[in-house]
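> Provided herewith is a single structure, encoded as structure tokens, for subsequent inquiry.
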Amino acid sequence: MRSIWNGAISFGLVSIPIKLVNATESRSVSFRQVHTEDGGRIRYKKVCELDGAEVTQAEIGKAYEDADGTMIPITDEDLAALPLPTAKTIEIVAFVPAGEIDPLQMDAAYYLSANGVPAAKPYTLLREALKRSDKVAVAKYALRGRERLGMLRVVDDVIAMHGLLWPDEIRAPEGVAPETPVTVREAELDLADALMATLGEVDISSLHDDYREAVEEMIAAKAEGGAGVAPPEPETGGGGQVIDLMAALESSVRAAKEARGEAAPVTELRPRKRTAAATPKETGAKKSTAKTAAKKTAAAPARKSTAEKKQPATKQPTPAKKTTAKKQPTPTKKATAKKSTAKKATPHKRTA
């Protein structure tokens, strides 16, 4: 791979000569602008707006446009005279845990290659130190006429550097979040968790650009004299606003299982019952329960009489008669006569 920058890593008093190589490349299909009538290329010409003359690259310089439109010329000598310690040096300023780097700051990625045999030992030292510390290095460097921020980390056996945006280049997410208050139910969260678990993990290397492949197939078909690729069939029944979020989540879980070849049915999670507010049906159930309790209370004397029936001293053939005869029986005439006879038979003591 061709290097785009030569310099050194400044690691305290250690200097590591390195070469900077692009770690990524664009695979997008590029198009040319053409004249639709005859297919001729459309090219841009660099023209001076004052005299209308076309100029070459050697005649083009730099200038800063002031607020009032005035152009302030800036030469390469002006820029070279500025103090820029990182012009040819990647200066490590700190070592921090990788979690402290906001992914929003991530920019272009590069590989750092040891430049020459003498650089192999300090290069390996820095690489192994980063591995053992489980940290990344924050560095400053200059590239394409400006100073930048970078992050050094280990990828396999190579030190990679990610260009970082400066903190003041990250915009605050003001007015992006939904402004209307939204309540998410536990059942919806449960289904979302089930969908995440069903989708599971994926090997990033297995993912590819389907659209780019379709473009390449279309170009190949037209190059062979064909009419390109037939448009896809319009989808029926899809699109639009999702009305039932629970149904959409359940369908998503089911589709994810089918895509993975799992024939197991999806267990639909329904909202959990709340005990705070009772429905009219539940209120009716409470009333019936109260009526049942009242009936049980009314039947309590009958149980007592049954218990009395079990005592050996009293033997009654029917429990119902015993229940109705809880009160003391009214004395009969025969019993009254016996009582009065007993009183007469008792001698009275005479007083002297």
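Each chain in the structure tokens gets a letter, A, B, ..., in the order shown, and its residues are numbered from 1; ligands are numbered from 1 in order too.
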If you run DSSP on this backbone, which residues of region 107-188 of chain A come out as strand (DSSP E), and could you give them as a VMD selection string?

chain A and resid 107 to 114 135 to 143 146 to 155 158 to 164

> Keeping C-alpha atoms, export the residues of the selection given above as an mmCIF file, in the first residue's frame.


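Result file is again_33.cif:
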data_model
loop_
_atom_site.group_PDB
_atom_site.id
_atom_site.type_symbol
_atom_site.label_atom_id
_atom_site.label_comp_id
_atom_site.auth_asym_id
_atom_site.auth_seq_id
_atom_site.Cartn_x
_atom_site.Cartn_y
_atom_site.Cartn_z
ATOM 1 C CA ASP A 107 -13.165 10.057 11.380
ATOM 2 C CA ALA A 108 -10.807 8.501 8.811
ATOM 3 C CA ALA A 109 -8.684 5.456 9.742
ATOM 4 C CA TYR A 110 -5.015 4.827 8.956
ATOM 5 C CA TYR A 111 -2.411 2.124 9.483
ATOM 6 C CA LEU A 112 0.948 3.137 10.964
ATOM 7 C CA SER A 113 3.834 1.179 9.456
ATOM 8 C CA ALA A 114 7.342 1.081 10.914
ATOM 9 C CA LYS A 135 -5.860 1.680 26.625
ATOM 10 C CA VAL A 136 -5.652 3.880 23.544
ATOM 11 C CA ALA A 137 -3.279 6.769 22.883
ATOM 12 C CA VAL A 138 -4.593 10.255 22.162
ATOM 13 C CA ALA A 139 -2.304 12.131 19.779
ATOM 14 C CA LYS A 140 -2.049 15.310 17.725
ATOM 15 C CA TYR A 141 -0.793 15.347 14.152
ATOM 16 C CA ALA A 142 -0.894 17.558 11.067
ATOM 17 C CA LEU A 143 -2.215 16.406 7.697
ATOM 18 C CA ARG A 146 -4.247 21.484 9.375
ATOM 19 C CA GLU A 147 -3.625 20.041 12.816
ATOM 20 C CA ARG A 148 -5.817 17.117 13.771
ATOM 21 C CA LEU A 149 -6.633 14.890 16.725
ATOM 22 C CA GLY A 150 -6.074 11.154 16.567
ATOM 23 C CA MET A 151 -6.471 7.925 18.520
ATOM 24 C CA LEU A 152 -3.914 5.100 18.322
ATOM 25 C CA ARG A 153 -4.984 1.522 19.032
ATOM 26 C CA VAL A 154 -3.814 -1.993 18.171
ATOM 27 C CA VAL A 155 -5.441 -3.960 15.337
ATOM 28 C CA VAL A 158 -0.476 -3.251 13.634
ATOM 29 C CA ILE A 159 -0.919 0.164 15.250
ATOM 30 C CA ALA A 160 -3.904 1.902 13.706
ATOM 31 C CA MET A 161 -4.771 5.562 14.021
ATOM 32 C CA HIS A 162 -8.284 6.988 13.826
ATOM 33 C CA GLY A 163 -8.638 10.633 13.001
ATOM 34 C CA LEU A 164 -10.843 12.352 15.565
#

> Just list the residues in region 66-233 of chain A DSSP gives alpha helix (DSSP H) on the backbone, as a PyMOL selection string.

chain A and resi 76-80+120-133+186-199+210-223

> Would you mind telling me which residue in A:Tyr44, A:Tyr211, A:Phe11, A:Phe95 lies nearest to Ser133 (chain A) when using only C-alpha atoms?

A:Phe95

> At what distance in Å, to one decimal, does CA of Glu169 (chain A) lie from CA of Pro85 (chain A)?

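Spanning CA of Pro85 (chain A) to CA of Glu169 (chain A) is a straight-line distance of 22.0 Å.
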
> What does the distance between CA of Lys62 (chain A) and CA of Asp76 (chain A) come to in Å, to one decimal place?

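Taking CA of Lys62 (chain A) as the start and CA of Asp76 (chain A) as the end point, the length is 8.4 Å.
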
> Mind giving me the straight-line distance from CA of Val29 (chain A) to CA of Val215 (chain A) in Å, one decimal?

7.7 Å

> Counting only C-alpha atoms, what is within 12 Å of Asp193 (chain A), bar same-chain residues fewer than 6 positions away, as a PyMOL selection string?

chain A and resi 186-187+199-200+249-250+252-253+269

> Write to file, as a PDB file, in the first residue's frame, the residues of the selection just made, with N, CA and C atoms.


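Final file, out_5.pdb:
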ATOM      1  N   GLU A 186     -44.114  -2.030  29.821  1.00  0.00           N
ATOM      2  CA  GLU A 186     -43.204  -3.131  30.109  1.00  0.00           C
ATOM      3  C   GLU A 186     -43.337  -4.245  29.072  1.00  0.00           C
ATOM      4  N   ALA A 187     -44.565  -4.507  28.629  1.00  0.00           N
ATOM      5  CA  ALA A 187     -44.773  -5.570  27.641  1.00  0.00           C
ATOM      6  C   ALA A 187     -44.078  -5.228  26.325  1.00  0.00           C
ATOM      7  N   LEU A 199     -32.553 -11.679  16.995  1.00  0.00           N
ATOM      8  CA  LEU A 199     -31.593 -11.248  15.975  1.00  0.00           C
ATOM      9  C   LEU A 199     -30.175 -11.633  16.358  1.00  0.00           C
ATOM     10  N   GLY A 200     -29.880 -11.522  17.671  1.00  0.00           N
ATOM     11  CA  GLY A 200     -28.589 -11.984  18.175  1.00  0.00           C
ATOM     12  C   GLY A 200     -27.423 -11.212  17.594  1.00  0.00           C
ATOM     13  N   LEU A 249     -44.082  -5.686  16.771  1.00  0.00           N
ATOM     14  CA  LEU A 249     -42.968  -6.331  17.457  1.00  0.00           C
ATOM     15  C   LEU A 249     -43.099  -7.854  17.404  1.00  0.00           C
ATOM     16  N   GLU A 250     -44.318  -8.346  17.639  1.00  0.00           N
ATOM     17  CA  GLU A 250     -44.522  -9.795  17.597  1.00  0.00           C
ATOM     18  C   GLU A 250     -44.233 -10.353  16.194  1.00  0.00           C
ATOM     19  N   SER A 252     -42.219  -9.041  14.030  1.00  0.00           N
ATOM     20  CA  SER A 252     -40.778  -8.941  13.793  1.00  0.00           C
ATOM     21  C   SER A 252     -40.037 -10.105  14.429  1.00  0.00           C
ATOM     22  N   VAL A 253     -40.429 -10.466  15.650  1.00  0.00           N
ATOM     23  CA  VAL A 253     -39.795 -11.605  16.313  1.00  0.00           C
ATOM     24  C   VAL A 253     -40.056 -12.885  15.530  1.00  0.00           C
ATOM     25  N   LEU A 269     -46.205 -11.835  24.234  1.00  0.00           N
ATOM     26  CA  LEU A 269     -46.221 -11.249  25.567  1.00  0.00           C
ATOM     27  C   LEU A 269     -47.323 -10.207  25.620  1.00  0.00           C
TER      28      LEU A 269
END

> Can you pull out every residue within 12 Å of Ile60 (chain A), counting only C-alpha atoms, but drop anything in the same chain fewer than 4 positions away, and send it as an MDAnalysis selection string?

chainID A and resid 46:48 54:56 73:76
